[in-house]
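S.K.: Below are the structure tokens for one structure; questions will follow.
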Amino acid sequence: MRPIADTGPIDRLRAPIGLPENRSTVRSSQSDPATLKHGGRTSLDMTRGFYIGRFQPFHNGHLSVVEQIADDVDELVLGIGSADDSHTVRNPFTAGERIMMITKSLVDTDLVTYAVPIEDLERNSVWVSHVQSMSPDFDVAYSNNPLVIQLFREAGVEVRQSPMFNREVLAGTEVRERMVDDGDWEPLVPEAVVDVVDEIDGIERIGMISDNDSDGDWAA
Ligand code: ATP
Ligand code: MG
């Protein structure tokens, strides 16, 4: 992540859009070598999906999306966008911390998952190649972000959209604001995320990095 225009379009599209009916999957087998795909897609009667986000932090909306995707695919790659950013108000947690949140939250999910860090690349025209260079091969990408959808489609990757779940509160921005304001953020995230935030003293961190110097003297 992230394509350059990520911040706008990713949050503008809020209307729930159901998964398309036409869910093509790769159906191939060793007994039918003509259908076996090489060098870019999965094979052997299984489907692998790709879902990208910054996951700052991984919250119950993300979890609901993953649970929905689980009905659709055998394996799922979670691309951790802006992987190279951390310790900022918008991206407080490191890629490693987000991997912990995701791995522990999905431990009981009936789905093979891989969390793959994707560093920012300020060049949309080659962004899909960048993603593919870091990820296990995947058959279908899940996104509601118009720019992400467009980039994947132009690259010939099938894209499916997921509904939005309780978006009024299940949003990373809302969770982070509640963390800063000593609000009730815990109900918005899986229990495992509460444990990780506790382990890394995440509330203290986000409080410090969102605090403006009151006297303007950085050395004070
Ligand atoms: P932020 O407010 O920091 O942008 P976010 O909640 O949008 O956080 P992202 O990591 O930016 O989380 O989003 C990853 C993907 O998850 C995006 O495609 C976004 O549309 C989707 N998503 C986020 N929240 C929900 C939700 N409540 N229901 C369904 N999809 C969601
Ligand atoms: Mg977002």
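In the structure tokens, each chain is lettered A, B, ... as it comes, each chain's residues begin at 1, and ligands are numbered from 1 in order of appearance.
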May I have the residues within 9 Å of stretch 116-123 of chain A as a list in words, using only C-alpha atoms and disregarding those fewer than 5 positions away in the same chain?
M.R.: Met1, Arg2, Pro3, Ile4, Ile52, Val77, Leu78, Gly79, Ile80, Gly81, Ser82, Ala83, Asp84, Asp85, Ala95, Gly96, Ile99, His130, Val131, Met134, Ser135 and Pro136 of chain A
S.K.: Check which residues of chain A sit at most 7 Å from ligand 1 using only C-alpha atoms and all ligand atoms, and return one row each with the closest pair of atoms and their distance in Å to one decimal, ordered by chain and rising number, as CSV.
M.R.:
```
residue,atom,partner,partner_atom_place_in_ligand_line,distance
A:Thr7,CA,ligand 1,4 (O),6.9
A:Ile10,CA,ligand 1,20 (O),5.6
A:Asp11,CA,ligand 1,7 (O),6.0
A:Ile52,CA,ligand 1,14 (C),5.9
A:Gly53,CA,ligand 1,14 (C),3.4
A:Arg54,CA,ligand 1,10 (O),3.7
A:Phe55,CA,ligand 1,10 (O),3.8
A:Gln56,CA,ligand 1,3 (O),5.7
A:Gly61,CA,ligand 1,27 (N),3.6
A:His62,CA,ligand 1,31 (C),5.4
A:Ser64,CA,ligand 1,28 (N),6.9
A:Val65,CA,ligand 1,29 (C),5.6
A:Arg90,CA,ligand 1,3 (O),6.4
A:Ser143,CA,ligand 1,18 (O),4.8
A:Asn144,CA,ligand 1,18 (O),4.8
A:Asn145,CA,ligand 1,18 (O),5.6
A:Ser162,CA,ligand 1,29 (C),6.6
A:Pro163,CA,ligand 1,29 (C),5.7
A:Met164,CA,ligand 1,29 (C),3.5
A:Phe165,CA,ligand 1,28 (N),3.7
A:Asn166,CA,ligand 1,27 (N),5.3
A:Arg167,CA,ligand 1,27 (N),4.1
A:Leu170,CA,ligand 1,27 (N),4.3
A:Ala171,CA,ligand 1,6 (O),3.3
A:Gly172,CA,ligand 1,8 (O),3.4
A:Thr173,CA,ligand 1,2 (O),3.7
A:Glu174,CA,ligand 1,2 (O),6.6
```
S.K.: Keeping N, CA and C atoms for every residue in the selection just given, could you write it to a file as a PDB file, in the first residue's frame?
M.R.:
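Saved the output as part31.pdb:
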```pdb
ATOM      1  N   THR A   7      -6.085   7.969   0.667  1.00  0.00           N
ATOM      2  CA  THR A   7      -6.809   8.538   1.789  1.00  0.00           C
ATOM      3  C   THR A   7      -8.212   8.970   1.414  1.00  0.00           C
ATOM      4  N   ILE A  10     -10.689   5.584  -0.471  1.00  0.00           N
ATOM      5  CA  ILE A  10     -10.911   4.372   0.310  1.00  0.00           C
ATOM      6  C   ILE A  10     -12.048   4.555   1.287  1.00  0.00           C
ATOM      7  N   ASP A  11     -12.278   5.804   1.729  1.00  0.00           N
ATOM      8  CA  ASP A  11     -13.321   6.029   2.711  1.00  0.00           C
ATOM      9  C   ASP A  11     -14.575   6.639   2.113  1.00  0.00           C
ATOM     10  N   ILE A  52      -6.352  -5.906   1.091  1.00  0.00           N
ATOM     11  CA  ILE A  52      -5.347  -4.923   1.557  1.00  0.00           C
ATOM     12  C   ILE A  52      -5.971  -3.867   2.453  1.00  0.00           C
ATOM     13  N   GLY A  53      -5.208  -3.481   3.470  1.00  0.00           N
ATOM     14  CA  GLY A  53      -5.613  -2.390   4.358  1.00  0.00           C
ATOM     15  C   GLY A  53      -4.403  -1.929   5.132  1.00  0.00           C
ATOM     16  N   ARG A  54      -4.569  -0.822   5.873  1.00  0.00           N
ATOM     17  CA  ARG A  54      -3.473  -0.408   6.753  1.00  0.00           C
ATOM     18  C   ARG A  54      -3.616  -1.078   8.113  1.00  0.00           C
ATOM     19  N   PHE A  55      -4.834  -1.422   8.477  1.00  0.00           N
ATOM     20  CA  PHE A  55      -5.109  -2.149   9.723  1.00  0.00           C
ATOM     21  C   PHE A  55      -4.482  -1.455  10.931  1.00  0.00           C
ATOM     22  N   GLN A  56      -4.829  -0.172  11.083  1.00  0.00           N
ATOM     23  CA  GLN A  56      -4.280   0.669  12.161  1.00  0.00           C
ATOM     24  C   GLN A  56      -5.373   1.048  13.140  1.00  0.00           C
ATOM     25  N   GLY A  61     -14.589  -4.483  11.981  1.00  0.00           N
ATOM     26  CA  GLY A  61     -15.030  -4.370  10.585  1.00  0.00           C
ATOM     27  C   GLY A  61     -14.143  -5.213   9.679  1.00  0.00           C
ATOM     28  N   HIS A  62     -12.828  -5.107   9.880  1.00  0.00           N
ATOM     29  CA  HIS A  62     -11.891  -5.940   9.113  1.00  0.00           C
ATOM     30  C   HIS A  62     -12.183  -7.421   9.364  1.00  0.00           C
ATOM     31  N   SER A  64     -14.984  -8.831  10.190  1.00  0.00           N
ATOM     32  CA  SER A  64     -16.214  -9.235   9.485  1.00  0.00           C
ATOM     33  C   SER A  64     -15.951  -9.429   7.997  1.00  0.00           C
ATOM     34  N   VAL A  65     -15.130  -8.568   7.424  1.00  0.00           N
ATOM     35  CA  VAL A  65     -14.790  -8.726   6.001  1.00  0.00           C
ATOM     36  C   VAL A  65     -14.078 -10.062   5.790  1.00  0.00           C
ATOM     37  N   ARG A  90      -1.707   8.714  12.202  1.00  0.00           N
ATOM     38  CA  ARG A  90      -2.471   7.915  11.234  1.00  0.00           C
ATOM     39  C   ARG A  90      -1.999   6.464  11.188  1.00  0.00           C
ATOM     40  N   SER A 143     -11.600  -5.388  -2.446  1.00  0.00           N
ATOM     41  CA  SER A 143     -11.412  -3.984  -2.072  1.00  0.00           C
ATOM     42  C   SER A 143     -12.680  -3.204  -2.350  1.00  0.00           C
ATOM     43  N   ASN A 144     -12.880  -2.150  -1.588  1.00  0.00           N
ATOM     44  CA  ASN A 144     -13.934  -1.178  -1.871  1.00  0.00           C
ATOM     45  C   ASN A 144     -13.353   0.146  -2.319  1.00  0.00           C
ATOM     46  N   ASN A 145     -12.059   0.228  -2.421  1.00  0.00           N
ATOM     47  CA  ASN A 145     -11.388   1.469  -2.783  1.00  0.00           C
ATOM     48  C   ASN A 145     -11.374   1.605  -4.307  1.00  0.00           C
ATOM     49  N   SER A 162     -16.817  -5.933  -0.900  1.00  0.00           N
ATOM     50  CA  SER A 162     -17.497  -6.485   0.262  1.00  0.00           C
ATOM     51  C   SER A 162     -18.422  -5.428   0.853  1.00  0.00           C
ATOM     52  N   PRO A 163     -19.443  -5.857   1.591  1.00  0.00           N
ATOM     53  CA  PRO A 163     -20.305  -4.877   2.264  1.00  0.00           C
ATOM     54  C   PRO A 163     -19.520  -4.147   3.349  1.00  0.00           C
ATOM     55  N   MET A 164     -20.005  -2.983   3.765  1.00  0.00           N
ATOM     56  CA  MET A 164     -19.422  -2.287   4.899  1.00  0.00           C
ATOM     57  C   MET A 164     -20.182  -2.701   6.160  1.00  0.00           C
ATOM     58  N   PHE A 165     -19.469  -2.970   7.215  1.00  0.00           N
ATOM     59  CA  PHE A 165     -20.081  -3.412   8.468  1.00  0.00           C
ATOM     60  C   PHE A 165     -20.005  -2.276   9.497  1.00  0.00           C
ATOM     61  N   ASN A 166     -21.171  -1.771   9.888  1.00  0.00           N
ATOM     62  CA  ASN A 166     -21.260  -0.780  10.970  1.00  0.00           C
ATOM     63  C   ASN A 166     -20.162   0.287  10.847  1.00  0.00           C
ATOM     64  N   ARG A 167     -20.044   0.843   9.664  1.00  0.00           N
ATOM     65  CA  ARG A 167     -18.934   1.738   9.344  1.00  0.00           C
ATOM     66  C   ARG A 167     -18.926   3.004  10.200  1.00  0.00           C
ATOM     67  N   LEU A 170     -17.028   1.304  13.152  1.00  0.00           N
ATOM     68  CA  LEU A 170     -15.961   0.350  12.830  1.00  0.00           C
ATOM     69  C   LEU A 170     -15.067   0.928  11.739  1.00  0.00           C
ATOM     70  N   ALA A 171     -14.219   1.832  12.167  1.00  0.00           N
ATOM     71  CA  ALA A 171     -13.258   2.499  11.280  1.00  0.00           C
ATOM     72  C   ALA A 171     -11.990   2.755  12.088  1.00  0.00           C
ATOM     73  N   GLY A 172     -10.852   2.584  11.439  1.00  0.00           N
ATOM     74  CA  GLY A 172      -9.587   2.774  12.142  1.00  0.00           C
ATOM     75  C   GLY A 172      -9.484   4.159  12.764  1.00  0.00           C
ATOM     76  N   THR A 173      -9.943   5.173  12.027  1.00  0.00           N
ATOM     77  CA  THR A 173      -9.876   6.544  12.529  1.00  0.00           C
ATOM     78  C   THR A 173     -10.640   6.685  13.843  1.00  0.00           C
ATOM     79  N   GLU A 174     -11.823   6.086  13.891  1.00  0.00           N
ATOM     80  CA  GLU A 174     -12.643   6.146  15.107  1.00  0.00           C
ATOM     81  C   GLU A 174     -11.939   5.428  16.268  1.00  0.00           C
TER      82      GLU A 174
END
```
S.K.: Near A:Ser210, within 8 Å and counting only C-alpha atoms, which residues show up once chain neighbours fewer than 4 positions away are dropped, as number ranges by chain?
M.R.: A: 88-89, 180, 206
S.K.: Export, as a short mmCIF file (atom, residue, chain, number, x, y, z; two decimals), in the first residue's frame, the selected residues with C-alpha atoms.
M.R.:
```cif
data_model
loop_
_atom_site.label_atom_id
_atom_site.label_comp_id
_atom_site.auth_asym_id
_atom_site.auth_seq_id
_atom_site.Cartn_x
_atom_site.Cartn_y
_atom_site.Cartn_z
CA THR A 88 2.41 8.57 13.57
CA VAL A 89 -1.16 9.53 14.43
CA VAL A 180 -6.28 9.14 22.21
CA ILE A 206 -0.61 6.98 20.64
#
```
S.K.: Would you mind telling me which residue in A:Arg153, A:His87, A:His59, A:Arg178 lies nearest to ligand 2 when using only C-alpha atoms and all ligand atoms?
M.R.: A:His59
S.K.: From the set A:Leu188, A:Ile102, A:Val194, A:Val148, which residue has the shortest atom-to-atom contact distance to ligand 2, counting only C-alpha atoms and all ligand atoms?
M.R.: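 Among the listed residues, the smallest separation from ligand 2 belongs to A:Val148.
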